[in-house]
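**Q** File follows, my_file_37.cif with mmCIF, C-alpha atoms:
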data_input
loop_
_atom_site.group_PDB
_atom_site.id
_atom_site.type_symbol
_atom_site.label_atom_id
_atom_site.label_comp_id
_atom_site.auth_asym_id
_atom_site.auth_seq_id
_atom_site.Cartn_x
_atom_site.Cartn_y
_atom_site.Cartn_z
ATOM 1 C CA MET A 535 -17.791 88.731 2.634
ATOM 2 C CA GLN A 536 -17.484 85.184 3.968
ATOM 3 C CA LEU A 537 -20.345 85.817 6.334
ATOM 4 C CA LEU A 538 -22.523 87.096 3.488
ATOM 5 C CA MET A 539 -21.694 84.003 1.406
ATOM 6 C CA PHE A 540 -22.495 81.787 4.387
ATOM 7 C CA TYR A 541 -25.923 83.379 4.802
ATOM 8 C CA ILE A 542 -26.738 83.219 1.078
ATOM 9 C CA LEU A 543 -25.648 79.585 0.734
ATOM 10 C CA GLY A 544 -27.214 78.472 4.005
ATOM 11 C CA PHE A 545 -30.500 80.197 3.228
ATOM 12 C CA GLY A 546 -30.554 78.640 -0.243
ATOM 13 C CA ALA A 547 -29.812 75.188 1.156
ATOM 14 C CA VAL A 548 -32.574 75.400 3.770
ATOM 15 C CA VAL A 549 -35.157 76.792 1.339
ATOM 16 C CA SER A 550 -34.504 74.149 -1.307
ATOM 17 C CA ALA A 551 -34.534 71.425 1.371
ATOM 18 C CA LEU A 552 -37.959 72.694 2.484
ATOM 19 C CA ILE A 553 -39.154 72.661 -1.125
ATOM 20 C CA MET A 554 -37.996 69.052 -1.419
ATOM 21 C CA VAL A 555 -39.677 67.891 1.780
ATOM 22 C CA THR A 556 -43.044 69.540 1.089
ATOM 23 C CA ASN A 557 -43.228 68.410 -2.540
ATOM 24 C CA ARG A 558 -45.327 65.528 -3.765
ATOM 25 C CA ARG A 559 -43.763 65.107 -7.179
ATOM 26 C CA PRO A 560 -40.547 63.048 -7.123
ATOM 27 C CA VAL A 561 -38.861 64.830 -10.049
ATOM 28 C CA ARG A 562 -39.340 68.285 -8.497
ATOM 29 C CA ALA A 563 -38.070 66.934 -5.194
ATOM 30 C CA ALA A 564 -34.981 65.564 -6.952
ATOM 31 C CA MET A 565 -34.312 68.947 -8.590
ATOM 32 C CA ALA A 566 -34.644 70.713 -5.223
ATOM 33 C CA LEU A 567 -32.258 68.182 -3.665
ATOM 34 C CA ILE A 568 -29.698 68.847 -6.422
ATOM 35 C CA ALA A 569 -29.971 72.571 -5.556
ATOM 36 C CA THR A 570 -29.439 71.790 -1.854
ATOM 37 C CA MET A 571 -26.358 69.729 -2.642
ATOM 38 C CA SER A 572 -24.895 72.483 -4.815
ATOM 39 C CA PHE A 573 -25.405 75.043 -2.046
ATOM 40 C CA LEU A 574 -23.752 72.629 0.388
ATOM 41 C CA ALA A 575 -20.790 72.293 -1.997
ATOM 42 C CA GLY A 576 -20.400 76.085 -1.764
ATOM 43 C CA LEU A 577 -20.436 75.819 2.034
ATOM 44 C CA TYR A 578 -17.741 73.131 1.852
ATOM 45 C CA VAL A 579 -15.556 75.563 -0.099
ATOM 46 C CA LEU A 580 -16.095 78.108 2.696
ATOM 47 C CA LEU A 581 -14.787 75.410 5.059
ATOM 48 C CA ASP A 582 -11.628 74.958 2.916
ATOM 49 C CA ALA A 583 -12.756 71.461 1.870
ATOM 50 C CA HIS A 584 -11.965 71.867 -1.817
ATOM 51 C CA LEU A 585 -11.665 68.177 -2.698
ATOM 52 C CA ILE A 586 -14.858 67.253 -0.852
ATOM 53 C CA ALA A 587 -16.725 70.119 -2.557
ATOM 54 C CA ALA A 588 -15.732 68.756 -5.960
ATOM 55 C CA VAL A 589 -16.617 65.195 -4.929
ATOM 56 C CA GLN A 590 -19.966 66.438 -3.630
ATOM 57 C CA LEU A 591 -20.800 67.992 -6.999
ATOM 58 C CA ILE A 592 -19.545 65.065 -9.074
ATOM 59 C CA VAL A 593 -20.733 62.098 -7.013
ATOM 60 C CA TYR A 594 -23.815 63.431 -5.201
ATOM 61 C CA ALA A 595 -25.287 66.056 -7.506
ATOM 62 C CA GLY A 596 -23.956 64.262 -10.572
ATOM 63 C CA ALA A 597 -24.001 60.493 -10.197
ATOM 64 C CA ILE A 598 -26.443 59.701 -7.372
ATOM 65 C CA MET A 599 -29.117 62.193 -8.373
ATOM 66 C CA VAL A 600 -28.889 61.160 -12.026
ATOM 67 C CA LEU A 601 -29.434 57.601 -10.799
ATOM 68 C CA PHE A 602 -32.563 58.783 -8.958
ATOM 69 C CA LEU A 603 -33.878 60.644 -12.011
ATOM 70 C CA PHE A 604 -33.126 57.647 -14.214
ATOM 71 C CA MET A 605 -35.080 55.467 -11.810
ATOM 72 C CA MET A 606 -38.078 57.837 -11.980
ATOM 73 C CA MET A 607 -37.981 57.719 -15.751
ATOM 74 C CA PHE A 608 -37.754 53.938 -15.607
ATOM 75 C CA LEU A 609 -40.616 53.475 -13.144
ATOM 76 C CA ASN A 610 -42.701 56.293 -14.646
ATOM 77 C CA VAL A 611 -43.955 57.292 -11.205
ATOM 78 C CA GLU A 612 -44.618 60.926 -12.070
ATOM 79 C CA GLU A 613 -48.172 60.115 -13.157
ATOM 80 C CA LYS A 614 -49.098 58.647 -9.823
ATOM 81 C CA GLU A 615 -48.108 61.480 -7.548
ATOM 82 C CA GLY A 616 -46.670 60.621 -4.189
ATOM 83 C CA ARG A 617 -48.819 61.673 -1.298
ATOM 84 C CA LEU A 618 -48.086 62.926 2.150
ATOM 85 C CA VAL A 619 -49.252 61.090 5.229
ATOM 86 C CA THR A 620 -53.043 61.136 5.062
ATOM 87 C CA HIS A 621 -53.769 62.175 8.620
ATOM 88 C CA PRO A 622 -52.773 65.858 9.125
ATOM 89 C CA GLY A 623 -52.450 65.312 12.865
ATOM 90 C CA PHE A 624 -49.692 62.808 12.223
ATOM 91 C CA GLN A 625 -47.796 65.391 10.154
ATOM 92 C CA LEU A 626 -48.034 67.912 12.987
ATOM 93 C CA LEU A 627 -46.874 65.255 15.430
ATOM 94 C CA ALA A 628 -43.849 64.453 13.231
ATOM 95 C CA VAL A 629 -42.913 68.137 12.927
ATOM 96 C CA PHE A 630 -43.346 68.610 16.679
ATOM 97 C CA LEU A 631 -41.218 65.587 17.596
ATOM 98 C CA VAL A 632 -38.410 66.468 15.197
ATOM 99 C CA GLY A 633 -38.550 70.088 16.380
ATOM 100 C CA LEU A 634 -38.161 68.855 19.938
ATOM 101 C CA ILE A 635 -35.093 66.849 18.928
ATOM 102 C CA PHE A 636 -33.717 69.885 17.071
ATOM 103 C CA VAL A 637 -34.137 72.162 20.085
ATOM 104 C CA SER A 638 -32.530 69.628 22.402
ATOM 105 C CA VAL A 639 -29.553 69.232 20.043
ATOM 106 C CA VAL A 640 -29.126 72.994 19.653
ATOM 107 C CA SER A 641 -29.244 73.466 23.402
ATOM 108 C CA LEU A 642 -26.129 71.268 23.624
ATOM 109 C CA PHE A 643 -24.038 73.841 21.737
ATOM 110 C CA LYS A 644 -21.666 75.864 23.850
ATOM 111 C CA MET A 645 -22.967 79.388 23.358
ATOM 112 C CA ASP A 646 -20.392 81.112 25.516
ATOM 113 C CA GLY A 647 -16.926 81.053 24.394
ATOM 114 C CA SER A 648 -14.311 78.471 24.264
ATOM 115 C CA ALA A 649 -11.781 79.411 21.600
ATOM 116 C CA LEU A 650 -13.217 76.647 19.426
ATOM 117 C CA ALA A 651 -16.723 78.062 19.473
ATOM 118 C CA ARG A 652 -15.691 81.658 18.798
ATOM 119 C CA SER A 653 -13.466 81.649 15.780
ATOM 120 C CA VAL A 654 -11.471 79.601 13.323
ATOM 121 C CA LEU A 655 -8.217 78.286 14.731
ATOM 122 C CA ALA A 656 -5.180 79.580 12.955
ATOM 123 C CA LEU A 657 -4.059 76.961 10.489
ATOM 124 C CA GLY A 658 -0.736 75.338 11.275
ATOM 125 C CA ASP A 659 2.143 74.468 8.964
ATOM 126 C CA GLY A 660 -0.114 72.652 6.521
ATOM 127 C CA ALA A 661 -2.238 75.773 6.062
ATOM 128 C CA VAL A 662 -1.849 76.025 2.313
ATOM 129 C CA GLU A 663 -2.576 72.358 1.800
ATOM 130 C CA PHE A 664 -5.612 72.041 4.067
ATOM 131 C CA GLY A 665 -8.403 70.218 2.275
ATOM 132 C CA THR A 666 -6.646 69.928 -1.078
ATOM 133 C CA THR A 667 -6.500 66.729 -3.095
ATOM 134 C CA LYS A 668 -2.837 66.335 -2.172
ATOM 135 C CA ALA A 669 -3.339 66.460 1.576
ATOM 136 C CA VAL A 670 -6.523 64.355 1.705
ATOM 137 C CA GLY A 671 -5.095 61.875 -0.802
ATOM 138 C CA ARG A 672 -1.942 61.415 1.229
ATOM 139 C CA LEU A 673 -4.039 60.717 4.307
ATOM 140 C CA LEU A 674 -6.284 58.303 2.386
ATOM 141 C CA PHE A 675 -3.391 56.266 1.043
ATOM 142 C CA THR A 676 -1.343 56.117 4.239
ATOM 143 C CA ASP A 677 -3.274 56.239 7.516
ATOM 144 C CA PHE A 678 -6.645 55.216 6.078
ATOM 145 C CA LEU A 679 -5.499 52.711 3.466
ATOM 146 C CA LEU A 680 -7.448 49.763 4.906
ATOM 147 C CA PRO A 681 -10.805 51.602 5.145
ATOM 148 C CA PHE A 682 -10.220 52.867 1.612
ATOM 149 C CA GLU A 683 -9.768 49.316 0.295
ATOM 150 C CA ILE A 684 -12.801 48.114 2.282
ATOM 151 C CA ALA A 685 -14.822 50.908 0.655
ATOM 152 C CA SER A 686 -13.832 49.590 -2.766
ATOM 153 C CA ILE A 687 -15.008 46.092 -1.790
ATOM 154 C CA LEU A 688 -18.250 47.607 -0.479
ATOM 155 C CA LEU A 689 -18.849 49.335 -3.817
ATOM 156 C CA LEU A 690 -18.171 46.069 -5.662
ATOM 157 C CA ALA A 691 -20.662 44.259 -3.424
ATOM 158 C CA ALA A 692 -23.193 47.032 -4.061
ATOM 159 C CA ILE A 693 -22.791 46.643 -7.830
ATOM 160 C CA VAL A 694 -23.316 42.887 -7.639
ATOM 161 C CA GLY A 695 -26.271 43.310 -5.301
ATOM 162 C CA ALA A 696 -27.909 45.902 -7.530
ATOM 163 C CA VAL A 697 -27.555 43.725 -10.613
ATOM 164 C CA ILE A 698 -28.994 40.669 -8.857
ATOM 165 C CA LEU A 699 -31.893 42.586 -7.295
ATOM 166 C CA ALA A 700 -32.911 44.560 -10.362
ATOM 167 C CA LYS A 701 -32.456 42.014 -13.136
ATOM 168 C CA ARG A 702 -35.488 40.284 -14.565
ATOM 169 C CA ARG A 703 -36.159 36.866 -13.046
ATOM 170 C CA ILE A 704 -36.049 33.926 -15.405
ATOM 171 C CA ASP A 705 -39.118 31.881 -14.554
ATOM 172 C CA ASP A 706 -38.814 28.147 -14.017
ATOM 173 C CA SER A 707 -40.194 26.934 -17.339
ATOM 174 C CA GLU A 708 -37.654 28.984 -19.230
ATOM 175 C CA LEU A 709 -34.921 27.703 -16.955
ATOM 176 C CA LYS A 710 -35.911 24.063 -17.569
ATOM 177 C CA ARG A 711 -35.978 24.635 -21.308
ATOM 178 C CA HIS A 712 -32.459 26.029 -21.127
ATOM 179 C CA GLN A 713 -31.336 23.025 -19.144
ATOM 180 C CA SER A 714 -32.913 20.494 -21.495
ATOM 181 C CA GLU A 715 -31.364 22.222 -24.501
ATOM 182 C CA SER A 716 -27.893 22.131 -23.083
ATOM 183 C CA MET B 345 -15.428 85.055 10.831
ATOM 184 C CA ILE B 346 -18.205 82.487 10.821
ATOM 185 C CA ALA B 347 -18.549 80.728 14.144
ATOM 186 C CA LEU B 348 -18.590 76.955 14.461
ATOM 187 C CA ASN B 349 -22.068 77.191 15.969
ATOM 188 C CA SER B 350 -23.497 78.613 12.740
ATOM 189 C CA TYR B 351 -22.379 75.551 10.821
ATOM 190 C CA LEU B 352 -23.652 73.195 13.522
ATOM 191 C CA MET B 353 -26.994 75.009 13.590
ATOM 192 C CA LEU B 354 -27.328 74.763 9.798
ATOM 193 C CA GLY B 355 -26.399 71.071 9.911
ATOM 194 C CA ALA B 356 -28.967 70.372 12.635
ATOM 195 C CA LEU B 357 -31.616 72.319 10.712
ATOM 196 C CA LEU B 358 -31.015 70.391 7.479
ATOM 197 C CA PHE B 359 -30.988 67.094 9.397
ATOM 198 C CA SER B 360 -34.320 67.958 11.026
ATOM 199 C CA ILE B 361 -35.868 68.918 7.690
ATOM 200 C CA GLY B 362 -34.742 65.557 6.303
ATOM 201 C CA ALA B 363 -36.193 63.719 9.301
ATOM 202 C CA VAL B 364 -39.554 65.501 8.912
ATOM 203 C CA GLY B 365 -39.525 64.434 5.271
ATOM 204 C CA VAL B 366 -38.934 60.799 6.196
ATOM 205 C CA PHE B 367 -41.933 60.908 8.549
ATOM 206 C CA THR B 368 -44.363 62.804 6.317
ATOM 207 C CA GLN B 369 -43.645 61.620 2.785
ATOM 208 C CA ARG B 370 -45.138 58.381 1.549
ATOM 209 C CA ASN B 371 -43.271 57.980 -1.725
ATOM 210 C CA ALA B 372 -40.335 55.607 -1.277
ATOM 211 C CA LEU B 373 -38.168 57.588 -3.717
ATOM 212 C CA ILE B 374 -38.673 60.870 -1.837
ATOM 213 C CA ILE B 375 -37.985 59.106 1.465
ATOM 214 C CA TYR B 376 -34.661 57.977 0.010
ATOM 215 C CA MET B 377 -33.887 61.548 -1.030
ATOM 216 C CA CYS B 378 -34.645 62.753 2.497
ATOM 217 C CA ILE B 379 -32.167 60.194 3.844
ATOM 218 C CA GLU B 380 -29.554 61.557 1.428
ATOM 219 C CA LEU B 381 -30.270 65.039 2.769
ATOM 220 C CA MET B 382 -29.709 63.824 6.329
ATOM 221 C CA LEU B 383 -26.380 62.260 5.300
ATOM 222 C CA ASN B 384 -25.380 65.579 3.725
ATOM 223 C CA ALA B 385 -26.199 67.478 6.911
ATOM 224 C CA VAL B 386 -23.936 65.127 8.866
ATOM 225 C CA ASN B 387 -21.190 65.690 6.285
ATOM 226 C CA LEU B 388 -21.469 69.443 6.831
ATOM 227 C CA THR B 389 -21.078 68.966 10.574
ATOM 228 C CA LEU B 390 -18.043 66.705 10.147
ATOM 229 C CA LEU B 391 -16.347 69.153 7.784
ATOM 230 C CA ALA B 392 -17.025 72.075 10.128
ATOM 231 C CA PHE B 393 -15.451 70.223 13.056
ATOM 232 C CA SER B 394 -12.567 69.166 10.831
ATOM 233 C CA ARG B 395 -11.897 72.781 9.869
ATOM 234 C CA PHE B 396 -12.207 74.165 13.364
ATOM 235 C CA LEU B 397 -9.995 71.475 14.912
ATOM 236 C CA ASN B 398 -7.509 71.886 12.042
ATOM 237 C CA ASN B 399 -7.481 68.126 11.446
ATOM 238 C CA LEU B 400 -7.989 66.436 8.098
ATOM 239 C CA ASP B 401 -9.451 63.180 9.467
ATOM 240 C CA GLY B 402 -12.963 64.561 9.070
ATOM 241 C CA HIS B 403 -12.434 64.874 5.323
ATOM 242 C CA VAL B 404 -11.593 61.167 5.114
ATOM 243 C CA PHE B 405 -14.751 60.350 7.097
ATOM 244 C CA VAL B 406 -16.838 62.432 4.693
ATOM 245 C CA PHE B 407 -15.189 60.664 1.753
ATOM 246 C CA MET B 408 -16.195 57.283 3.236
ATOM 247 C CA ILE B 409 -19.728 58.511 3.943
ATOM 248 C CA ILE B 410 -20.102 59.556 0.307
ATOM 249 C CA ALA B 411 -18.879 56.138 -0.852
ATOM 250 C CA VAL B 412 -21.327 54.354 1.473
ATOM 251 C CA ALA B 413 -24.155 56.674 0.377
ATOM 252 C CA ALA B 414 -23.478 55.778 -3.252
ATOM 253 C CA ALA B 415 -23.609 52.061 -2.422
ATOM 254 C CA GLU B 416 -26.762 52.548 -0.352
ATOM 255 C CA ALA B 417 -28.501 54.506 -3.114
ATOM 256 C CA THR B 418 -27.673 51.828 -5.695
ATOM 257 C CA VAL B 419 -28.942 48.917 -3.621
ATOM 258 C CA GLY B 420 -31.947 50.839 -2.314
ATOM 259 C CA LEU B 421 -33.065 51.895 -5.762
ATOM 260 C CA SER B 422 -32.760 48.368 -7.100
ATOM 261 C CA ILE B 423 -34.870 47.158 -4.164
ATOM 262 C CA ILE B 424 -37.471 49.794 -5.122
ATOM 263 C CA ILE B 425 -37.352 48.547 -8.723
ATOM 264 C CA SER B 426 -37.997 44.960 -7.759
ATOM 265 C CA LEU B 427 -40.784 46.081 -5.383
ATOM 266 C CA PHE B 428 -42.330 48.098 -8.195
ATOM 267 C CA ARG B 429 -42.192 45.044 -10.471
ATOM 268 C CA ASN B 430 -44.070 42.919 -7.967
ATOM 269 C CA LYS B 431 -46.565 45.411 -6.500
ATOM 270 C CA SER B 432 -46.518 48.241 -9.098
ATOM 271 C CA THR B 433 -46.447 50.905 -6.411
ATOM 272 C CA VAL B 434 -43.774 52.863 -4.585
ATOM 273 C CA ASP B 435 -46.146 54.123 -1.886
ATOM 274 C CA VAL B 436 -44.876 52.773 1.431
ATOM 275 C CA ASP B 437 -48.393 52.619 2.910
ATOM 276 C CA ASP B 438 -49.340 50.023 0.311
ATOM 277 C CA LEU B 439 -46.270 47.914 1.059
ATOM 278 C CA ASN B 440 -47.476 46.482 4.356
ATOM 279 C CA LEU B 441 -46.789 42.774 3.916
ATOM 280 C CA SER B 442 -44.896 42.456 7.196
ATOM 281 C CA LYS B 443 -47.755 44.024 9.145
ATOM 282 C CA GLY B 444 -48.956 41.564 11.764
#
So that I can check it, write out the structure of this file as structure tokens.
**A**
Amino acid sequence: MQLLMFYILGFGAVVSALIMVTNRRPVRAAMALIATMSFLAGLYVLLDAHLIAAVQLIVYAGAIMVLFLFMMMFLNVEEKEGRLVTHPGFQLLAVFLVGLIFVSVVSLFKMDGSALARSVLALGDGAVEFGTTKAVGRLLFTDFLLPFEIASILLLAAIVGAVILAKRRIDDSELKRHQSES
Amino acid sequence: MIALNSYLMLGALLFSIGAVGVFTQRNALIIYMCIELMLNAVNLTLLAFSRFLNNLDGHVFVFMIIAVAAAEATVGLSIIISLFRNKSTVDVDDLNLSKG
């Protein structure tokens, strides 16, 4: 049953990723990416990562992709379709190079059998809690408290940066008028 | 039971698909989406190792990666917006100001 779910979810994730990569229209690509992320959330549940699966759906498929779609609406880029690299030889070269990297990474896997490669280790005492909000939250707020706080500062910096980058510039004449008025 | 290698293989495959997308697409928005896909593939690998080593640290790493990806998407998209304001294109071939 688990194996069947793994094949269904993995196949769906790969197919929708391929749809995204070969597409020229940004909105269709975004929809395909949302599908990929949902399939990956299912795979996370298979890996007992319940909290991360929920976060994946809420933050990635929800927030980040909505941000992307909002941006496409804002820029109205759908009319001018994106295009692939013009030279087809370059595309083939890219596929070949990345395929080479893929094969060399896969060849690093241990195909024979250490216990790790063959099957899931039996879960220890924390078996019931593995991957739940309780267990991950406890870890986040004790051992990883400092990185957690740094992440919050990073998000704050990102908000400020986004506002400064995306806001409309006041040109100099307007600025001078403001200064002379005040 | 599903072997660790299956998850690693799937992660490597998704990462490669994302990398091909970065090289072949010319729309800045789609390139960003391909980078998100690559981040997701790495997350899958981390979670698989975390499960098979029976250690929750990987979950915390994935949590941090998601937070950083959110920050990166926000800043990147606002950079694309300001580029689009100035050049009215999101095609990376047309944005070649730093070309020698």
**Q** CA of Gly665 (chain A) and CA of Val548 (chain A) are how many Å apart?
**A**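 Separation of CA of Gly665 (chain A) and CA of Val548 (chain A): 24.8 Å.
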**Q** Measuring between all atoms listed in the file, which one of B:Asn387, B:Ser350, B:Ser432, B:Gln369 shows the shortest distance to chain A?
**A**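 That would be B:Gln369, the residue with the smallest distance to chain A.
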**Q** Hey, list the chain B side of the contact with chain A: 8 Å cut-off, only C-alpha atoms, answer as an MDAnalysis selection string.
**A** chainID B and resid 345:349 353:354 356:358 360:365 367:371 373:374 377:378 381 384 388 391:392 395:398 400:401 403:404 406:408 410:412 414:419 421:423 425:426 428 434:435
**Q** Could you tell me how far CA of His584 (chain A) sits from CA of Met382 (chain B), in Å to one decimal place?
**A**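 Straight-line distance from CA of Met382 (chain B) to CA of His584 (chain A) works out to 21.1 Å.
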**Q** Between CA of Leu390 (chain B) and CA of Tyr351 (chain B), what is the distance, to one decimal in Å?
**A** 9.9 Å
**Q** Taking every listed atom of region 395-410 of chain B and adding 4 Å to each side, what centre and edge lengths in Å (one decimal) does the axis-aligned box have, as lines of an AutoDock Vina configuration file?
**A**
center_x = -13.8
center_y = 65.7
center_z = 7.6
size_x = 20.6
size_y = 24.9
size_z = 22.6
